[in-house]
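Data block below; observations after.
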Amino acid sequence: MTELNPAEFDFEAWIDDARLPEDSETVFKRGDLVAKINHLARQIRVESDAQAGEKTSASPLLAKLTKEREELMKAFARSEVTFYLRALPQSKIKELVDQHPLADDASREDQLAQRVALNRALLAESIVALESPTLEKRDIKMTIPLVATLEAKLGAAQLSKLLAKRQQVQSEAPAPDADFLPDASGTSQDSGQ
């Protein structure tokens, strides 16, 4: 093994191509479709059970329900939006925390509002790109008002997914999905080879 001479090692050249970790999270713009999709699934089960007991030819109602559910599932899938989030350098986090201080002597409501403001600021700064089935990946500059709009339009649960992914990309070492890593033979674990 070659011994490195610290005086000759160019650390800046070596680290030049390093980048902060990024990960992605998917949310859906048409969460309103889930209720109807699930309702149709229940109707399809009831109709399938009724038809199984009758031993007759295919029910036109079952075909209609199935087709309607498939169309709604396609619409739901087309509403997918993938957000790309990047870890923030500690200096940026400190800057945002300083801009959104949490007052210990504030009321519970004020403390909650302060935490929400800080989380929105951190999320806005972390989101770097988005893509969907109808939009190629695009860099984006999020703002706090846009994050508030995301929450208003998508709901708190989907915003929480983005906040959780922001925390994960910030605090965990980057690692691709283990199911798609090559195994010892050099093939992907899910390739079936």
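Simple scheme: letters A, B, ... for chains in structure tokens order, numbers from 1 for residues in each chain, numbers from 1 for ligands in the order shown.
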
Margin query: Please list as an NGL selection string every residue within 9 Å of region 33-50 of chain A, counting only C-alpha atoms and excluding residues in the same chain fewer than 4 positions away.
Written below: :A and (54 or 59 or 61-63 or 65-66 or 68-70 or 72-73 or 75-76)

Give me, as a tab-separated table, the closest atom pair and its distance (Å, one decimal) for every residue of region 74-139 of chain A within a cut-off of 8 Å of region 25-32 of chain A, counting only C-alpha atoms, rows sorted by chain and rising number.
```
residue	atom	partner	partner_atom	distance
A:Ala75	CA	A:Arg30	CA	7.8
A:Phe76	CA	A:Arg30	CA	5.8
A:Ala77	CA	A:Phe28	CA	7.7
A:Ser79	CA	A:Lys29	CA	5.1
A:Glu80	CA	A:Phe28	CA	4.5
A:Val81	CA	A:Val27	CA	5.4
A:Thr82	CA	A:Thr26	CA	4.2
A:Phe83	CA	A:Glu25	CA	5.4
A:Tyr84	CA	A:Glu25	CA	6.7
A:Leu85	CA	A:Glu25	CA	7.9
```

Check: Could you write out, as a VMD selection string, all the residues of region 2-193 of chain A that DSSP marks as strand (DSSP E)?
Finding: chain A and resid 22 to 28 80 to 86 127 to 132 135 to 139

Writer output for current selection, N, CA, C and O atoms, as a short mmCIF file (atom, residue, chain, number, x, y, z; two decimals), in the first residue's frame:
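Written file, selection.cif:
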```cif
data_model
loop_
_atom_site.label_atom_id
_atom_site.label_comp_id
_atom_site.auth_asym_id
_atom_site.auth_seq_id
_atom_site.Cartn_x
_atom_site.Cartn_y
_atom_site.Cartn_z
N GLU A 22 -29.00 13.84 -1.24
CA GLU A 22 -30.36 14.13 -1.70
C GLU A 22 -31.16 12.84 -1.65
O GLU A 22 -30.62 11.76 -1.77
N ASP A 23 -32.46 13.00 -1.51
CA ASP A 23 -33.39 11.86 -1.60
C ASP A 23 -34.69 12.41 -2.14
O ASP A 23 -34.84 13.62 -2.35
N SER A 24 -35.62 11.53 -2.39
CA SER A 24 -36.89 11.97 -2.98
C SER A 24 -38.06 11.38 -2.20
O SER A 24 -37.92 10.36 -1.53
N GLU A 25 -39.19 12.06 -2.32
CA GLU A 25 -40.44 11.61 -1.70
C GLU A 25 -41.58 11.92 -2.65
O GLU A 25 -41.60 12.97 -3.27
N THR A 26 -42.51 10.99 -2.75
CA THR A 26 -43.64 11.14 -3.66
C THR A 26 -44.91 11.44 -2.89
O THR A 26 -45.19 10.82 -1.86
N VAL A 27 -45.66 12.41 -3.38
CA VAL A 27 -46.98 12.74 -2.86
C VAL A 27 -47.94 12.78 -4.04
O VAL A 27 -47.52 12.69 -5.20
N PHE A 28 -49.23 12.91 -3.76
CA PHE A 28 -50.24 12.89 -4.81
C PHE A 28 -51.13 14.13 -4.72
O PHE A 28 -51.63 14.45 -3.64
N GLU A 80 -49.24 12.03 -9.30
CA GLU A 80 -48.02 11.84 -8.52
C GLU A 80 -47.04 13.00 -8.75
O GLU A 80 -46.85 13.44 -9.88
N VAL A 81 -46.45 13.47 -7.68
CA VAL A 81 -45.40 14.48 -7.75
C VAL A 81 -44.26 14.01 -6.85
O VAL A 81 -44.48 13.69 -5.68
N THR A 82 -43.07 13.95 -7.42
CA THR A 82 -41.90 13.56 -6.65
C THR A 82 -41.07 14.80 -6.35
O THR A 82 -40.68 15.52 -7.26
N PHE A 83 -40.84 15.02 -5.07
CA PHE A 83 -40.01 16.14 -4.62
C PHE A 83 -38.62 15.62 -4.29
O PHE A 83 -38.48 14.57 -3.68
N TYR A 84 -37.61 16.36 -4.71
CA TYR A 84 -36.22 16.04 -4.39
C TYR A 84 -35.76 16.99 -3.29
O TYR A 84 -35.93 18.20 -3.40
N LEU A 85 -35.22 16.40 -2.24
CA LEU A 85 -34.80 17.17 -1.08
C LEU A 85 -33.31 16.97 -0.83
O LEU A 85 -32.80 15.85 -0.96
N ARG A 86 -32.64 18.05 -0.50
CA ARG A 86 -31.19 18.03 -0.27
C ARG A 86 -30.91 18.38 1.19
O ARG A 86 -31.57 19.25 1.76
N ILE A 127 -36.07 21.57 -0.45
CA ILE A 127 -36.64 21.11 -1.72
C ILE A 127 -35.88 21.78 -2.86
O ILE A 127 -35.82 23.00 -2.94
N VAL A 128 -35.30 20.95 -3.73
CA VAL A 128 -34.48 21.49 -4.81
C VAL A 128 -35.03 21.20 -6.20
O VAL A 128 -34.64 21.83 -7.17
N ALA A 129 -35.94 20.22 -6.31
CA ALA A 129 -36.48 19.87 -7.62
C ALA A 129 -37.77 19.08 -7.44
O ALA A 129 -38.08 18.61 -6.35
N LEU A 130 -38.52 18.98 -8.54
CA LEU A 130 -39.70 18.12 -8.55
C LEU A 130 -39.91 17.56 -9.94
O LEU A 130 -39.37 18.07 -10.92
N GLU A 131 -40.67 16.48 -10.01
CA GLU A 131 -41.05 15.89 -11.29
C GLU A 131 -42.36 15.15 -11.11
O GLU A 131 -42.76 14.81 -10.00
N SER A 132 -43.04 14.93 -12.24
CA SER A 132 -44.29 14.19 -12.23
C SER A 132 -44.41 13.46 -13.55
O SER A 132 -43.58 13.65 -14.45
N LEU A 135 -44.32 16.07 -16.13
CA LEU A 135 -43.30 17.12 -16.03
C LEU A 135 -41.95 16.48 -15.76
O LEU A 135 -41.79 15.74 -14.78
N GLU A 136 -40.99 16.75 -16.65
CA GLU A 136 -39.64 16.26 -16.41
C GLU A 136 -39.08 16.91 -15.17
O GLU A 136 -39.52 17.98 -14.76
N LYS A 137 -38.08 16.28 -14.58
CA LYS A 137 -37.48 16.82 -13.36
C LYS A 137 -37.02 18.25 -13.62
O LYS A 137 -36.32 18.54 -14.57
N ARG A 138 -37.47 19.14 -12.71
CA ARG A 138 -37.14 20.56 -12.81
C ARG A 138 -36.62 21.07 -11.48
O ARG A 138 -37.19 20.77 -10.43
N ASP A 139 -35.56 21.86 -11.55
CA ASP A 139 -35.10 22.54 -10.35
C ASP A 139 -36.16 23.54 -9.94
O ASP A 139 -36.86 24.10 -10.78
#
```

Near Leu159 (chain A), within 10 Å and counting only C-alpha atoms, which residues show up once chain neighbours fewer than 3 positions away are dropped, as a PDB file with all heavy atoms, in the first residue's frame?
```
ATOM      1  N   VAL A  27     -45.661  12.409  -3.379  1.00  0.00           N
ATOM      2  CA  VAL A  27     -46.977  12.741  -2.856  1.00  0.00           C
ATOM      3  C   VAL A  27     -47.939  12.783  -4.043  1.00  0.00           C
ATOM      4  O   VAL A  27     -47.523  12.685  -5.196  1.00  0.00           O
ATOM      5  CB  VAL A  27     -46.975  14.088  -2.087  1.00  0.00           C
ATOM      6  CG1 VAL A  27     -46.094  13.994  -0.852  1.00  0.00           C
ATOM      7  CG2 VAL A  27     -46.542  15.234  -2.974  1.00  0.00           C
ATOM      8  N   ARG A 120     -41.321  24.926   8.030  1.00  0.00           N
ATOM      9  CA  ARG A 120     -41.607  25.376   6.660  1.00  0.00           C
ATOM     10  C   ARG A 120     -40.365  25.994   6.025  1.00  0.00           C
ATOM     11  O   ARG A 120     -40.084  25.773   4.845  1.00  0.00           O
ATOM     12  CB  ARG A 120     -42.765  26.368   6.650  1.00  0.00           C
ATOM     13  CG  ARG A 120     -44.108  25.709   6.855  1.00  0.00           C
ATOM     14  CD  ARG A 120     -45.224  26.718   6.857  1.00  0.00           C
ATOM     15  NE  ARG A 120     -46.524  26.066   6.982  1.00  0.00           N
ATOM     16  CZ  ARG A 120     -47.644  26.708   7.241  1.00  0.00           C
ATOM     17  NH1 ARG A 120     -47.650  28.024   7.387  1.00  0.00           N
ATOM     18  NH2 ARG A 120     -48.777  26.042   7.336  1.00  0.00           N
ATOM     19  N   LEU A 123     -37.936  23.151   5.201  1.00  0.00           N
ATOM     20  CA  LEU A 123     -38.432  22.376   4.059  1.00  0.00           C
ATOM     21  C   LEU A 123     -38.281  23.170   2.762  1.00  0.00           C
ATOM     22  O   LEU A 123     -37.829  22.626   1.748  1.00  0.00           O
ATOM     23  CB  LEU A 123     -39.891  21.964   4.272  1.00  0.00           C
ATOM     24  CG  LEU A 123     -40.495  21.061   3.202  1.00  0.00           C
ATOM     25  CD1 LEU A 123     -39.704  19.755   3.062  1.00  0.00           C
ATOM     26  CD2 LEU A 123     -41.957  20.761   3.527  1.00  0.00           C
ATOM     27  N   VAL A 147     -44.628  26.476   0.542  1.00  0.00           N
ATOM     28  CA  VAL A 147     -44.763  25.314   1.431  1.00  0.00           C
ATOM     29  C   VAL A 147     -46.122  25.365   2.133  1.00  0.00           C
ATOM     30  O   VAL A 147     -46.797  24.342   2.267  1.00  0.00           O
ATOM     31  CB  VAL A 147     -43.604  25.248   2.453  1.00  0.00           C
ATOM     32  CG1 VAL A 147     -43.862  24.187   3.515  1.00  0.00           C
ATOM     33  CG2 VAL A 147     -42.286  24.963   1.738  1.00  0.00           C
ATOM     34  N   ALA A 148     -46.547  26.556   2.542  1.00  0.00           N
ATOM     35  CA  ALA A 148     -47.874  26.704   3.168  1.00  0.00           C
ATOM     36  C   ALA A 148     -48.961  26.322   2.163  1.00  0.00           C
ATOM     37  O   ALA A 148     -49.949  25.670   2.534  1.00  0.00           O
ATOM     38  CB  ALA A 148     -48.070  28.127   3.665  1.00  0.00           C
ATOM     39  N   LEU A 150     -48.579  24.172  -0.311  1.00  0.00           N
ATOM     40  CA  LEU A 150     -48.521  22.703  -0.394  1.00  0.00           C
ATOM     41  C   LEU A 150     -49.362  22.074   0.700  1.00  0.00           C
ATOM     42  O   LEU A 150     -50.148  21.155   0.441  1.00  0.00           O
ATOM     43  CB  LEU A 150     -47.080  22.205  -0.232  1.00  0.00           C
ATOM     44  CG  LEU A 150     -46.192  22.105  -1.436  1.00  0.00           C
ATOM     45  CD1 LEU A 150     -44.799  21.643  -1.026  1.00  0.00           C
ATOM     46  CD2 LEU A 150     -46.775  21.179  -2.475  1.00  0.00           C
ATOM     47  N   GLU A 151     -49.203  22.552   1.920  1.00  0.00           N
ATOM     48  CA  GLU A 151     -49.959  21.989   3.041  1.00  0.00           C
ATOM     49  C   GLU A 151     -51.453  22.213   2.859  1.00  0.00           C
ATOM     50  O   GLU A 151     -52.259  21.307   3.080  1.00  0.00           O
ATOM     51  CB  GLU A 151     -49.503  22.586   4.363  1.00  0.00           C
ATOM     52  CG  GLU A 151     -50.222  21.974   5.555  1.00  0.00           C
ATOM     53  CD  GLU A 151     -49.668  22.433   6.884  1.00  0.00           C
ATOM     54  OE1 GLU A 151     -48.946  23.444   6.933  1.00  0.00           O
ATOM     55  OE2 GLU A 151     -49.973  21.760   7.891  1.00  0.00           O
ATOM     56  N   ALA A 152     -51.835  23.403   2.411  1.00  0.00           N
ATOM     57  CA  ALA A 152     -53.255  23.712   2.221  1.00  0.00           C
ATOM     58  C   ALA A 152     -53.866  22.857   1.118  1.00  0.00           C
ATOM     59  O   ALA A 152     -55.010  22.412   1.231  1.00  0.00           O
ATOM     60  CB  ALA A 152     -53.430  25.197   1.893  1.00  0.00           C
ATOM     61  N   LYS A 153     -53.119  22.578   0.062  1.00  0.00           N
ATOM     62  CA  LYS A 153     -53.649  21.830  -1.076  1.00  0.00           C
ATOM     63  C   LYS A 153     -53.525  20.313  -0.916  1.00  0.00           C
ATOM     64  O   LYS A 153     -54.398  19.574  -1.351  1.00  0.00           O
ATOM     65  CB  LYS A 153     -52.925  22.247  -2.370  1.00  0.00           C
ATOM     66  CG  LYS A 153     -53.172  23.668  -2.787  1.00  0.00           C
ATOM     67  CD  LYS A 153     -54.541  23.795  -3.378  1.00  0.00           C
ATOM     68  CE  LYS A 153     -54.705  25.129  -4.066  1.00  0.00           C
ATOM     69  NZ  LYS A 153     -55.938  25.210  -4.812  1.00  0.00           N
ATOM     70  N   LEU A 154     -52.423  19.859  -0.309  1.00  0.00           N
ATOM     71  CA  LEU A 154     -52.169  18.416  -0.208  1.00  0.00           C
ATOM     72  C   LEU A 154     -52.560  17.830   1.142  1.00  0.00           C
ATOM     73  O   LEU A 154     -52.733  16.624   1.258  1.00  0.00           O
ATOM     74  CB  LEU A 154     -50.690  18.113  -0.469  1.00  0.00           C
ATOM     75  CG  LEU A 154     -50.121  18.541  -1.813  1.00  0.00           C
ATOM     76  CD1 LEU A 154     -48.645  18.176  -1.895  1.00  0.00           C
ATOM     77  CD2 LEU A 154     -50.895  17.929  -2.968  1.00  0.00           C
ATOM     78  N   GLY A 155     -52.633  18.664   2.162  1.00  0.00           N
ATOM     79  CA  GLY A 155     -52.970  18.193   3.492  1.00  0.00           C
ATOM     80  C   GLY A 155     -51.749  17.983   4.357  1.00  0.00           C
ATOM     81  O   GLY A 155     -50.625  17.822   3.866  1.00  0.00           O
ATOM     82  N   ALA A 156     -51.985  17.983   5.649  1.00  0.00           N
ATOM     83  CA  ALA A 156     -50.898  17.861   6.625  1.00  0.00           C
ATOM     84  C   ALA A 156     -50.187  16.519   6.532  1.00  0.00           C
ATOM     85  O   ALA A 156     -48.969  16.448   6.728  1.00  0.00           O
ATOM     86  CB  ALA A 156     -51.447  18.072   8.033  1.00  0.00           C
ATOM     87  N   LEU A 162     -43.067  14.816   3.468  1.00  0.00           N
ATOM     88  CA  LEU A 162     -41.949  15.628   2.982  1.00  0.00           C
ATOM     89  C   LEU A 162     -41.054  16.075   4.138  1.00  0.00           C
ATOM     90  O   LEU A 162     -39.826  16.058   4.026  1.00  0.00           O
ATOM     91  CB  LEU A 162     -42.463  16.837   2.199  1.00  0.00           C
ATOM     92  CG  LEU A 162     -43.196  16.520   0.896  1.00  0.00           C
ATOM     93  CD1 LEU A 162     -43.795  17.790   0.301  1.00  0.00           C
ATOM     94  CD2 LEU A 162     -42.267  15.839  -0.097  1.00  0.00           C
ATOM     95  N   LEU A 163     -41.666  16.463   5.262  1.00  0.00           N
ATOM     96  CA  LEU A 163     -40.885  16.870   6.430  1.00  0.00           C
ATOM     97  C   LEU A 163     -40.052  15.697   6.967  1.00  0.00           C
ATOM     98  O   LEU A 163     -38.890  15.877   7.346  1.00  0.00           O
ATOM     99  CB  LEU A 163     -41.804  17.411   7.525  1.00  0.00           C
ATOM    100  CG  LEU A 163     -42.434  18.771   7.256  1.00  0.00           C
ATOM    101  CD1 LEU A 163     -43.569  19.049   8.239  1.00  0.00           C
ATOM    102  CD2 LEU A 163     -41.396  19.877   7.301  1.00  0.00           C
ATOM    103  N   ALA A 164     -40.641  14.509   6.992  1.00  0.00           N
ATOM    104  CA  ALA A 164     -39.919  13.320   7.463  1.00  0.00           C
ATOM    105  C   ALA A 164     -38.750  13.000   6.536  1.00  0.00           C
ATOM    106  O   ALA A 164     -37.653  12.646   6.994  1.00  0.00           O
ATOM    107  CB  ALA A 164     -40.865  12.128   7.579  1.00  0.00           C
ATOM    108  N   LYS A 165     -38.969  13.128   5.226  1.00  0.00           N
ATOM    109  CA  LYS A 165     -37.887  12.868   4.275  1.00  0.00           C
ATOM    110  C   LYS A 165     -36.786  13.927   4.428  1.00  0.00           C
ATOM    111  O   LYS A 165     -35.605  13.627   4.335  1.00  0.00           O
ATOM    112  CB  LYS A 165     -38.417  12.859   2.845  1.00  0.00           C
ATOM    113  CG  LYS A 165     -37.374  12.484   1.810  1.00  0.00           C
ATOM    114  CD  LYS A 165     -36.737  11.125   2.051  1.00  0.00           C
ATOM    115  CE  LYS A 165     -37.703  10.008   1.756  1.00  0.00           C
ATOM    116  NZ  LYS A 165     -37.052   8.678   1.812  1.00  0.00           N
TER     117      LYS A 165
END
```

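Note that CA of Ala117 (chain A) and CA of Val97 (chain A) are 9.9 Å apart.
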
Notebook entry, point to check: If you measure from CA of His100 (chain A) to CA of Arg115 (chain A), what distance in Å do you get, rounded to one decimal?
Noted result: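 Computed distance, CA of His100 (chain A) to CA of Arg115 (chain A), equals 8.2 Å.
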
Item checked: Between CA of Pro21 (chain A) and CA of Ala87 (chain A), distance in Å (one decimal) -> 5.6 Å

Next item on the list: List every residue of region 105-193 of chain A that DSSP, applied to the backbone of this structure, places in alpha helix (DSSP H), and write the result as a PyMOL selection string.
Entry: chain A and resi 108-126+144-154+156-171

Requested write-out: N, CA and C atoms of the selected residues, as a short mmCIF file (atom, residue, chain, number, x, y, z; two decimals), in the first residue's frame:
```cif
data_model
loop_
_atom_site.label_atom_id
_atom_site.label_comp_id
_atom_site.auth_asym_id
_atom_site.auth_seq_id
_atom_site.Cartn_x
_atom_site.Cartn_y
_atom_site.Cartn_z
N ARG A 108 -48.28 28.05 24.37
CA ARG A 108 -48.23 26.80 23.59
C ARG A 108 -48.54 27.05 22.13
N GLU A 109 -49.58 27.86 21.88
CA GLU A 109 -49.99 28.15 20.50
C GLU A 109 -48.88 28.88 19.75
N ASP A 110 -48.24 29.84 20.42
CA ASP A 110 -47.15 30.59 19.79
C ASP A 110 -45.94 29.69 19.54
N GLN A 111 -45.64 28.81 20.48
CA GLN A 111 -44.53 27.87 20.29
C GLN A 111 -44.80 26.95 19.11
N LEU A 112 -46.05 26.49 19.00
CA LEU A 112 -46.41 25.63 17.86
C LEU A 112 -46.26 26.41 16.56
N ALA A 113 -46.74 27.64 16.53
CA ALA A 113 -46.62 28.47 15.33
C ALA A 113 -45.15 28.72 14.97
N GLN A 114 -44.31 28.89 15.98
CA GLN A 114 -42.88 29.10 15.74
C GLN A 114 -42.24 27.85 15.15
N ARG A 115 -42.61 26.68 15.68
CA ARG A 115 -42.07 25.41 15.14
C ARG A 115 -42.53 25.20 13.70
N VAL A 116 -43.80 25.48 13.44
CA VAL A 116 -44.33 25.34 12.08
C VAL A 116 -43.56 26.25 11.13
N ALA A 117 -43.32 27.49 11.53
CA ALA A 117 -42.58 28.45 10.69
C ALA A 117 -41.17 27.95 10.42
N LEU A 118 -40.49 27.44 11.44
CA LEU A 118 -39.14 26.92 11.25
C LEU A 118 -39.15 25.70 10.33
N ASN A 119 -40.08 24.77 10.56
CA ASN A 119 -40.16 23.58 9.70
C ASN A 119 -40.44 23.95 8.25
N ARG A 120 -41.32 24.93 8.03
CA ARG A 120 -41.61 25.38 6.66
C ARG A 120 -40.36 25.99 6.03
N ALA A 121 -39.61 26.77 6.79
CA ALA A 121 -38.40 27.39 6.27
C ALA A 121 -37.36 26.33 5.91
N LEU A 122 -37.17 25.35 6.80
CA LEU A 122 -36.22 24.26 6.53
C LEU A 122 -36.64 23.46 5.30
N LEU A 123 -37.94 23.15 5.20
CA LEU A 123 -38.43 22.38 4.06
C LEU A 123 -38.28 23.17 2.76
N ALA A 124 -38.63 24.45 2.80
CA ALA A 124 -38.51 25.28 1.60
C ALA A 124 -37.07 25.30 1.10
N GLU A 125 -36.15 25.38 2.01
CA GLU A 125 -34.73 25.43 1.63
C GLU A 125 -34.23 24.06 1.14
N SER A 126 -34.82 22.98 1.65
CA SER A 126 -34.37 21.62 1.31
C SER A 126 -34.88 21.14 -0.05
N ILE A 144 -41.37 29.86 1.70
CA ILE A 144 -42.24 29.51 2.82
C ILE A 144 -43.71 29.60 2.42
N PRO A 145 -44.15 30.65 1.70
CA PRO A 145 -45.55 30.67 1.27
C PRO A 145 -45.92 29.50 0.35
N LEU A 146 -44.98 29.05 -0.49
CA LEU A 146 -45.28 27.89 -1.34
C LEU A 146 -45.42 26.61 -0.51
N VAL A 147 -44.63 26.48 0.54
CA VAL A 147 -44.76 25.31 1.43
C VAL A 147 -46.12 25.36 2.13
N ALA A 148 -46.55 26.56 2.54
CA ALA A 148 -47.87 26.70 3.17
C ALA A 148 -48.96 26.32 2.16
N THR A 149 -48.78 26.68 0.90
CA THR A 149 -49.74 26.31 -0.14
C THR A 149 -49.76 24.80 -0.33
N LEU A 150 -48.58 24.17 -0.31
CA LEU A 150 -48.52 22.70 -0.39
C LEU A 150 -49.36 22.07 0.70
N GLU A 151 -49.20 22.55 1.92
CA GLU A 151 -49.96 21.99 3.04
C GLU A 151 -51.45 22.21 2.86
N ALA A 152 -51.84 23.40 2.41
CA ALA A 152 -53.26 23.71 2.22
C ALA A 152 -53.87 22.86 1.12
N LYS A 153 -53.12 22.58 0.06
CA LYS A 153 -53.65 21.83 -1.08
C LYS A 153 -53.52 20.31 -0.92
N LEU A 154 -52.42 19.86 -0.31
CA LEU A 154 -52.17 18.42 -0.21
C LEU A 154 -52.56 17.83 1.14
N ALA A 156 -51.99 17.98 5.65
CA ALA A 156 -50.90 17.86 6.62
C ALA A 156 -50.19 16.52 6.53
N ALA A 157 -50.91 15.45 6.23
CA ALA A 157 -50.29 14.11 6.18
C ALA A 157 -49.24 14.03 5.09
N GLN A 158 -49.56 14.57 3.91
CA GLN A 158 -48.58 14.50 2.82
C GLN A 158 -47.42 15.47 3.06
N LEU A 159 -47.69 16.62 3.66
CA LEU A 159 -46.61 17.53 4.01
C LEU A 159 -45.70 16.86 5.05
N SER A 160 -46.29 16.10 5.96
CA SER A 160 -45.50 15.39 6.97
C SER A 160 -44.55 14.39 6.32
N LYS A 161 -44.97 13.76 5.22
CA LYS A 161 -44.07 12.86 4.49
C LYS A 161 -42.84 13.62 3.99
N LEU A 162 -43.07 14.82 3.47
CA LEU A 162 -41.95 15.63 2.98
C LEU A 162 -41.05 16.07 4.14
N LEU A 163 -41.67 16.46 5.26
CA LEU A 163 -40.88 16.87 6.43
C LEU A 163 -40.05 15.70 6.97
N ALA A 164 -40.64 14.51 6.99
CA ALA A 164 -39.92 13.32 7.46
C ALA A 164 -38.75 13.00 6.54
N LYS A 165 -38.97 13.13 5.23
CA LYS A 165 -37.89 12.87 4.27
C LYS A 165 -36.79 13.93 4.43
N ARG A 166 -37.17 15.18 4.70
CA ARG A 166 -36.17 16.23 4.93
C ARG A 166 -35.30 15.88 6.13
N GLN A 167 -35.95 15.42 7.20
CA GLN A 167 -35.21 15.04 8.40
C GLN A 167 -34.30 13.85 8.11
N GLN A 168 -34.79 12.89 7.35
CA GLN A 168 -34.00 11.70 7.03
C GLN A 168 -32.78 12.07 6.20
N VAL A 169 -32.97 12.87 5.16
CA VAL A 169 -31.84 13.23 4.31
C VAL A 169 -30.83 14.08 5.07
N GLN A 170 -31.31 14.79 6.08
CA GLN A 170 -30.43 15.63 6.89
C GLN A 170 -29.63 14.82 7.91
N SER A 171 -30.22 13.76 8.44
CA SER A 171 -29.62 13.10 9.59
C SER A 171 -29.08 11.69 9.34
#
```
